[in-house]
Amino acid sequence: MAMRMQFENSNEVGVFARLTNAYCIVALSSSENFYSVFEGELSKHIPVVHASIGGTRIIGRVTAGNRHGLLVPSITTDQELRHLRNSLPESVKVQKVEERLSALGNCIACNDYVALVHADLDRETAEVIADTLNVEVFHAAVAQNVLVGSYAVLSNQGGLVQANVAMQEMEELSQLIQVPLTAGTVNRGSPVIGAGIVANDWSAFCGMDTTATEIGVIENIFRLQSAGSGMQNALVDTLM
């Protein structure tokens, strides 16, 4: 199921966390409540790791990742990089990316198989994404927004995109990445999906303002009603 939560007084869960089928990274906080919700739901299955990136807490907006790898921006310190490599599973490749558009989480939306990326990302960066995350990379926009990571969240089960995407565009994107998509909002009408929710194949976490209707859409598209089978399949994939 999808769980509501807050980071201190913010509903922007996707700004302060990065969730995949192999790990969860959570920003350092003055309150342990945010971390403990993730730990309570996930720690039996995947590591839940405290971290900062370049001394900041907005790790969800500056990183991108899946069960194969984690991309971090050039502002990441050597100490932070070492901590991530020591804390994450050995199968996860942690790669620093020298890219002008350093808010990688805003520029990349991915699951374990495909990545939608900002149209202006360097060709070298696209190659690093493909190599590190083991995905097929597509330059795309969501309703003319090039910040695909802000306006879309993908898992292997499905994807949620911002509400004003045309039906034809959504169908084309769905065919491109081979997962079902639906349009929706989080946090009582916010179109910035990536900032308001994190999801993997068996769980999702969204801001406290997210309505029951929005949660219904989230649970439906990410197939969280039958989350047990999604978890089993994802963990088997991760171990292989």
# chains A, B, ... in the order shown; residues from 1 in each chain; ligands from 1

$ residues_around --residues "Asp131 of chain A" --least-positions-apart "3" --cutoff "12 Å" --atoms "only C-alpha atoms" --output "PyMOL selection string"
chain A and resi 65+68-71+93-95+97+113-115+124-128+134-137

$ write_last_selection --atoms "all heavy atoms" --output "short mmCIF file (atom, residue, chain, number, x, y, z; two decimals), in the first residue's frame"
data_model
loop_
_atom_site.label_atom_id
_atom_site.label_comp_id
_atom_site.auth_asym_id
_atom_site.auth_seq_id
_atom_site.Cartn_x
_atom_site.Cartn_y
_atom_site.Cartn_z
N GLY A 65 18.48 6.42 -9.70
CA GLY A 65 18.98 5.05 -9.54
C GLY A 65 17.92 4.00 -9.73
O GLY A 65 16.72 4.29 -9.81
N HIS A 68 20.21 -1.70 -10.24
CA HIS A 68 21.54 -1.94 -10.80
C HIS A 68 22.57 -0.90 -10.35
O HIS A 68 23.76 -1.21 -10.28
CB HIS A 68 21.49 -1.92 -12.32
CG HIS A 68 20.54 -2.92 -12.90
ND1 HIS A 68 20.74 -4.27 -12.83
CD2 HIS A 68 19.36 -2.75 -13.56
CE1 HIS A 68 19.75 -4.90 -13.41
NE2 HIS A 68 18.90 -4.01 -13.87
N GLY A 69 22.13 0.34 -10.12
CA GLY A 69 23.10 1.39 -9.85
C GLY A 69 22.52 2.64 -9.25
O GLY A 69 21.29 2.78 -9.10
N LEU A 70 23.41 3.55 -8.89
CA LEU A 70 23.03 4.86 -8.35
C LEU A 70 23.91 5.91 -9.00
O LEU A 70 25.15 5.78 -9.01
CB LEU A 70 23.21 4.89 -6.83
CG LEU A 70 22.98 6.24 -6.15
CD1 LEU A 70 21.50 6.64 -6.21
CD2 LEU A 70 23.47 6.21 -4.70
N LEU A 71 23.28 6.95 -9.56
CA LEU A 71 24.01 8.07 -10.15
C LEU A 71 23.99 9.25 -9.19
O LEU A 71 22.92 9.63 -8.70
CB LEU A 71 23.34 8.49 -11.47
CG LEU A 71 23.28 7.40 -12.55
CD1 LEU A 71 22.35 7.84 -13.67
CD2 LEU A 71 24.66 7.08 -13.08
N LYS A 93 26.10 -0.43 -8.53
CA LYS A 93 27.24 0.38 -8.98
C LYS A 93 26.96 1.85 -8.67
O LYS A 93 25.95 2.41 -9.12
CB LYS A 93 27.45 0.19 -10.49
CG LYS A 93 28.72 0.83 -11.03
CD LYS A 93 28.75 0.80 -12.56
CE LYS A 93 28.77 -0.60 -13.12
NZ LYS A 93 28.92 -0.56 -14.61
N VAL A 94 27.81 2.50 -7.90
CA VAL A 94 27.64 3.92 -7.56
C VAL A 94 28.58 4.73 -8.45
O VAL A 94 29.80 4.53 -8.44
CB VAL A 94 27.94 4.20 -6.08
CG1 VAL A 94 27.71 5.67 -5.75
CG2 VAL A 94 27.07 3.32 -5.18
N GLN A 95 28.02 5.66 -9.23
CA GLN A 95 28.79 6.39 -10.23
C GLN A 95 28.57 7.89 -10.11
O GLN A 95 27.43 8.36 -10.12
CB GLN A 95 28.38 5.91 -11.63
CG GLN A 95 29.06 6.63 -12.77
CD GLN A 95 30.54 6.33 -12.84
OE1 GLN A 95 30.95 5.17 -12.76
NE2 GLN A 95 31.36 7.36 -12.99
N VAL A 97 28.60 11.52 -11.74
CA VAL A 97 28.35 12.00 -13.09
C VAL A 97 28.78 13.46 -13.22
O VAL A 97 28.31 14.31 -12.47
CB VAL A 97 26.84 11.87 -13.45
CG1 VAL A 97 26.59 12.35 -14.88
CG2 VAL A 97 26.37 10.43 -13.29
N TYR A 113 14.65 -1.11 -16.21
CA TYR A 113 14.84 -1.48 -17.61
C TYR A 113 14.97 -0.29 -18.56
O TYR A 113 15.63 -0.39 -19.59
CB TYR A 113 13.68 -2.38 -18.08
CG TYR A 113 13.54 -3.61 -17.22
CD1 TYR A 113 12.57 -3.67 -16.22
CD2 TYR A 113 14.40 -4.70 -17.39
CE1 TYR A 113 12.45 -4.81 -15.42
CE2 TYR A 113 14.29 -5.83 -16.59
CZ TYR A 113 13.32 -5.88 -15.60
OH TYR A 113 13.21 -6.98 -14.80
N VAL A 114 14.32 0.83 -18.26
CA VAL A 114 14.34 1.99 -19.15
C VAL A 114 14.53 3.28 -18.35
O VAL A 114 14.23 3.34 -17.15
CB VAL A 114 13.03 2.11 -19.98
CG1 VAL A 114 12.89 0.95 -20.94
CG2 VAL A 114 11.82 2.23 -19.07
N ALA A 115 15.02 4.31 -19.03
CA ALA A 115 15.15 5.63 -18.42
C ALA A 115 14.65 6.69 -19.40
O ALA A 115 15.05 6.69 -20.57
CB ALA A 115 16.60 5.90 -18.03
N GLU A 124 27.46 11.86 -23.50
CA GLU A 124 28.31 11.08 -22.59
C GLU A 124 27.53 10.69 -21.33
O GLU A 124 27.66 9.57 -20.83
CB GLU A 124 29.55 11.88 -22.19
CG GLU A 124 30.54 12.11 -23.32
CD GLU A 124 30.18 13.30 -24.19
OE1 GLU A 124 29.12 13.92 -23.96
OE2 GLU A 124 30.96 13.61 -25.12
N THR A 125 26.70 11.62 -20.83
CA THR A 125 25.89 11.33 -19.64
C THR A 125 24.88 10.23 -19.93
O THR A 125 24.67 9.32 -19.12
CB THR A 125 25.16 12.59 -19.16
OG1 THR A 125 26.12 13.62 -18.88
CG2 THR A 125 24.35 12.32 -17.90
N ALA A 126 24.27 10.28 -21.11
CA ALA A 126 23.30 9.25 -21.50
C ALA A 126 23.98 7.88 -21.54
O ALA A 126 23.39 6.86 -21.13
CB ALA A 126 22.68 9.58 -22.85
N GLU A 127 25.24 7.85 -22.00
CA GLU A 127 25.97 6.58 -22.05
C GLU A 127 26.28 6.07 -20.64
O GLU A 127 26.21 4.87 -20.37
CB GLU A 127 27.27 6.76 -22.85
CG GLU A 127 27.02 6.95 -24.34
CD GLU A 127 28.29 7.35 -25.11
OE1 GLU A 127 29.36 7.48 -24.46
OE2 GLU A 127 28.20 7.52 -26.34
N VAL A 128 26.62 7.00 -19.73
CA VAL A 128 26.89 6.62 -18.33
C VAL A 128 25.61 6.08 -17.69
O VAL A 128 25.65 5.08 -16.95
CB VAL A 128 27.43 7.83 -17.53
CG1 VAL A 128 27.49 7.51 -16.04
CG2 VAL A 128 28.81 8.22 -18.03
N ASN A 134 22.07 0.04 -16.39
CA ASN A 134 21.73 -1.11 -17.24
C ASN A 134 20.33 -0.94 -17.84
O ASN A 134 19.48 -1.84 -17.76
CB ASN A 134 21.82 -2.41 -16.44
CG ASN A 134 21.85 -3.64 -17.33
OD1 ASN A 134 22.15 -3.53 -18.53
ND2 ASN A 134 21.53 -4.78 -16.78
N VAL A 135 20.10 0.23 -18.44
CA VAL A 135 18.79 0.56 -19.00
C VAL A 135 18.91 1.04 -20.44
O VAL A 135 20.00 1.41 -20.90
CB VAL A 135 18.08 1.68 -18.19
CG1 VAL A 135 17.70 1.20 -16.80
CG2 VAL A 135 18.97 2.94 -18.09
N GLU A 136 17.79 1.04 -21.13
CA GLU A 136 17.69 1.69 -22.44
C GLU A 136 17.28 3.14 -22.18
O GLU A 136 16.36 3.40 -21.40
CB GLU A 136 16.64 0.98 -23.29
CG GLU A 136 16.73 1.30 -24.76
CD GLU A 136 15.85 0.41 -25.61
OE1 GLU A 136 15.23 -0.52 -25.07
OE2 GLU A 136 15.78 0.67 -26.83
N VAL A 137 17.96 4.09 -22.80
CA VAL A 137 17.76 5.51 -22.51
C VAL A 137 16.97 6.18 -23.64
O VAL A 137 17.30 6.02 -24.82
CB VAL A 137 19.11 6.23 -22.32
CG1 VAL A 137 18.91 7.73 -22.11
CG2 VAL A 137 19.87 5.63 -21.13
#

$ closest_residue --among "A:Arg100, A:His118, A:Arg82, A:Arg4" --to "Val37 of chain A" --atoms "only C-alpha atoms"
A:Arg4

$ select_by_dssp --residues "segment 82-155 of chain A" --states "alpha helix (DSSP H)" --output "number ranges by chain"
A: 82-87, 104-107, 123-133, 148-151

$ closest_residue --among "A:Ser174, A:Ser190, A:Asn111, A:Ser87" --to "His50 of chain A" --atoms "only C-alpha atoms"
A:Ser87

$ select_by_dssp --residues "segment 34-230 of chain A" --states "strand (DSSP E)" --output "PyMOL selection string"
chain A and resi 48-51+64-65+69-73+93-97+108-110+114-117+136-139+152-154+159-162+181-184+197-199+204-207

$ residues_around --residues "Ile221 of chain A" --least-positions-apart "6" --cutoff "7 Å" --atoms "only C-alpha atoms" --output "list in words"
Gly158, Gly159 and Thr182 of chain A

$ write_last_selection --atoms "N, CA and C atoms" --output "mmCIF file, in the first residue's frame"
data_model
loop_
_atom_site.group_PDB
_atom_site.id
_atom_site.type_symbol
_atom_site.label_atom_id
_atom_site.label_comp_id
_atom_site.auth_asym_id
_atom_site.auth_seq_id
_atom_site.Cartn_x
_atom_site.Cartn_y
_atom_site.Cartn_z
ATOM 1 N N GLY A 158 4.465 0.048 -13.259
ATOM 2 C CA GLY A 158 3.730 1.102 -13.957
ATOM 3 C C GLY A 158 4.360 2.451 -13.696
ATOM 4 N N GLY A 159 3.687 3.505 -14.170
ATOM 5 C CA GLY A 159 4.229 4.848 -13.999
ATOM 6 C C GLY A 159 3.132 5.880 -13.816
ATOM 7 N N THR A 182 -0.436 6.198 -16.063
ATOM 8 C CA THR A 182 -1.677 6.929 -15.818
ATOM 9 C C THR A 182 -1.317 8.332 -15.358
#

$ closest_residue --among "A:Ile75, A:Leu104, A:Val48, A:Ala141" --to "Val62 of chain A" --atoms "only C-alpha atoms"
A:Leu104

$ closest_residue --among "A:Val153, A:Val72, A:Val15, A:Ile129" --to "Ala195 of chain A" --atoms "only C-alpha atoms"
A:Val15

$ closest_residue --among "A:Ala204, A:Ile177, A:Val161, A:Ala103" --to "Thr20 of chain A" --atoms "only C-alpha atoms"
A:Ala204

$ closest_residue --among "A:Asp209, A:Glu41, A:Asp120, A:Glu8" --to "Glu99 of chain A" --atoms "only C-alpha atoms"
A:Asp120

$ residues_around --residues "Val117 of chain A" --least-positions-apart "4" --cutoff "7 Å" --atoms "only C-alpha atoms" --output "compact mmCIF listing (two decimals) with all heavy atoms, in the first residue's frame"
# COMPACT_ATOMS: atom_id res chain seq x y z
N CYS A 107 16.01 15.27 -13.80
CA CYS A 107 16.27 15.07 -15.24
C CYS A 107 16.11 13.64 -15.71
O CYS A 107 16.15 13.38 -16.91
CB CYS A 107 17.69 15.54 -15.57
SG CYS A 107 17.98 17.27 -15.22
N ILE A 108 15.96 12.69 -14.76
CA ILE A 108 15.90 11.26 -15.11
C ILE A 108 14.74 10.61 -14.38
O ILE A 108 14.61 10.74 -13.16
CB ILE A 108 17.21 10.54 -14.73
CG1 ILE A 108 18.43 11.20 -15.40
CG2 ILE A 108 17.14 9.06 -15.08
CD1 ILE A 108 19.76 10.77 -14.80
N ALA A 109 13.90 9.89 -15.12
CA ALA A 109 12.89 9.01 -14.52
C ALA A 109 13.17 7.61 -15.03
O ALA A 109 13.26 7.39 -16.24
CB ALA A 109 11.48 9.45 -14.92
N PHE A 138 15.94 6.94 -23.25
CA PHE A 138 15.13 7.68 -24.22
C PHE A 138 15.08 9.15 -23.81
O PHE A 138 14.71 9.46 -22.67
CB PHE A 138 13.69 7.14 -24.27
CG PHE A 138 13.59 5.70 -24.67
CD1 PHE A 138 13.36 4.72 -23.71
CD2 PHE A 138 13.74 5.31 -25.99
CE1 PHE A 138 13.27 3.39 -24.05
CE2 PHE A 138 13.64 3.97 -26.36
CZ PHE A 138 13.41 3.01 -25.38
N HIS A 139 15.46 10.05 -24.73
CA HIS A 139 15.27 11.49 -24.49
C HIS A 139 13.79 11.81 -24.68
O HIS A 139 13.21 11.45 -25.71
CB HIS A 139 16.13 12.31 -25.45
CG HIS A 139 17.60 12.19 -25.18
ND1 HIS A 139 18.26 13.01 -24.29
CD2 HIS A 139 18.53 11.33 -25.66
CE1 HIS A 139 19.53 12.68 -24.26
NE2 HIS A 139 19.72 11.65 -25.08
N ALA A 140 13.18 12.44 -23.69
CA ALA A 140 11.73 12.63 -23.74
C ALA A 140 11.32 13.86 -22.95
O ALA A 140 12.14 14.50 -22.27
CB ALA A 140 11.02 11.39 -23.16
N VAL A 148 11.76 15.43 -16.76
CA VAL A 148 10.95 14.20 -16.70
C VAL A 148 10.95 13.58 -15.30
O VAL A 148 9.96 12.97 -14.88
CB VAL A 148 11.42 13.17 -17.74
CG1 VAL A 148 11.02 13.60 -19.14
CG2 VAL A 148 12.93 12.96 -17.67

$ atom_distance --atom1 "atom CA of Asp201 of chain A" --atom2 "atom CA of Gln225 of chain A"
11.1 Å

$ atom_distance --atom1 "atom CA of Ala119 of chain A" --atom2 "atom CA of Ile218 of chain A"
26.6 Å

$ decode --residues "segment 94-174 of chain A" --atoms "C-alpha atoms" --output "CSV table (one decimal), in the first residue's frame"
chain,number,residue,atom,x,y,z
A,94,VAL,CA,27.6,3.9,-7.6
A,95,GLN,CA,28.8,6.4,-10.2
A,96,LYS,CA,29.6,10.1,-10.0
A,97,VAL,CA,28.3,12.0,-13.1
A,98,GLU,CA,30.1,15.1,-14.4
A,99,GLU,CA,27.0,16.8,-15.9
A,100,ARG,CA,26.0,20.5,-16.2
A,101,LEU,CA,22.4,19.6,-15.3
A,102,SER,CA,23.4,18.3,-11.8
A,103,ALA,CA,19.9,17.8,-10.4
A,104,LEU,CA,19.8,14.3,-11.8
A,105,GLY,CA,16.6,13.3,-10.0
A,106,ASN,CA,14.8,16.1,-11.9
A,107,CYS,CA,16.3,15.1,-15.2
A,108,ILE,CA,15.9,11.3,-15.1
A,109,ALA,CA,12.9,9.0,-14.5
A,110,CYS,CA,13.8,5.3,-14.6
A,111,ASN,CA,12.9,1.8,-13.5
A,112,ASP,CA,15.1,-1.3,-13.8
A,113,TYR,CA,14.8,-1.5,-17.6
A,114,VAL,CA,14.3,2.0,-19.1
A,115,ALA,CA,15.1,5.6,-18.4
A,116,LEU,CA,13.4,8.8,-19.7
A,117,VAL,CA,15.9,11.7,-19.6
A,118,HIS,CA,16.1,15.4,-20.2
A,119,ALA,CA,16.5,16.3,-23.8
A,120,ASP,CA,19.6,18.4,-23.1
A,121,LEU,CA,21.6,15.8,-21.2
A,122,ASP,CA,25.0,15.3,-22.8
A,123,ARG,CA,25.5,12.2,-24.9
A,124,GLU,CA,28.3,11.1,-22.6
A,125,THR,CA,25.9,11.3,-19.6
A,126,ALA,CA,23.3,9.2,-21.5
A,127,GLU,CA,26.0,6.6,-22.0
A,128,VAL,CA,26.9,6.6,-18.3
A,129,ILE,CA,23.2,6.3,-17.4
A,130,ALA,CA,22.8,3.3,-19.8
A,131,ASP,CA,26.0,1.6,-18.5
A,132,THR,CA,25.5,2.2,-14.8
A,133,LEU,CA,21.8,1.6,-14.5
A,134,ASN,CA,21.7,-1.1,-17.2
A,135,VAL,CA,18.8,0.6,-19.0
A,136,GLU,CA,17.7,1.7,-22.4
A,137,VAL,CA,17.8,5.5,-22.5
A,138,PHE,CA,15.1,7.7,-24.2
A,139,HIS,CA,15.3,11.5,-24.5
A,140,ALA,CA,11.7,12.6,-23.7
A,141,ALA,CA,9.4,15.3,-22.3
A,142,VAL,CA,6.2,15.0,-20.2
A,143,ALA,CA,3.5,17.4,-21.4
A,144,GLN,CA,6.4,19.6,-22.9
A,145,ASN,CA,8.2,19.5,-19.5
A,146,VAL,CA,11.8,18.4,-20.0
A,147,LEU,CA,12.3,17.8,-16.3
A,148,VAL,CA,10.9,14.2,-16.7
A,149,GLY,CA,12.1,13.2,-13.2
A,150,SER,CA,10.0,15.9,-11.7
A,151,TYR,CA,6.8,15.1,-13.6
A,152,ALA,CA,7.0,11.3,-13.8
A,153,VAL,CA,7.7,8.4,-11.4
A,154,LEU,CA,8.3,4.9,-12.8
A,155,SER,CA,8.5,1.4,-11.3
A,156,ASN,CA,8.6,-2.0,-13.2
A,157,GLN,CA,4.8,-2.2,-12.5
A,158,GLY,CA,3.7,1.1,-14.0
A,159,GLY,CA,4.2,4.8,-14.0
A,160,LEU,CA,2.5,8.0,-12.8
A,161,VAL,CA,2.8,11.2,-14.8
A,162,GLN,CA,1.5,14.7,-14.3
A,163,ALA,CA,-2.3,15.2,-14.8
A,164,ASN,CA,-2.3,17.4,-17.9
A,165,VAL,CA,-0.5,15.0,-20.2
A,166,ALA,CA,-2.5,14.4,-23.4
A,167,MET,CA,-3.9,10.9,-23.8
A,168,GLN,CA,-2.0,10.3,-27.1
A,169,GLU,CA,1.3,11.4,-25.6
A,170,MET,CA,0.8,9.1,-22.6
A,171,GLU,CA,0.0,6.2,-24.8
A,172,GLU,CA,3.1,6.9,-26.9
A,173,LEU,CA,5.3,7.1,-23.8
A,174,SER,CA,3.8,3.9,-22.4
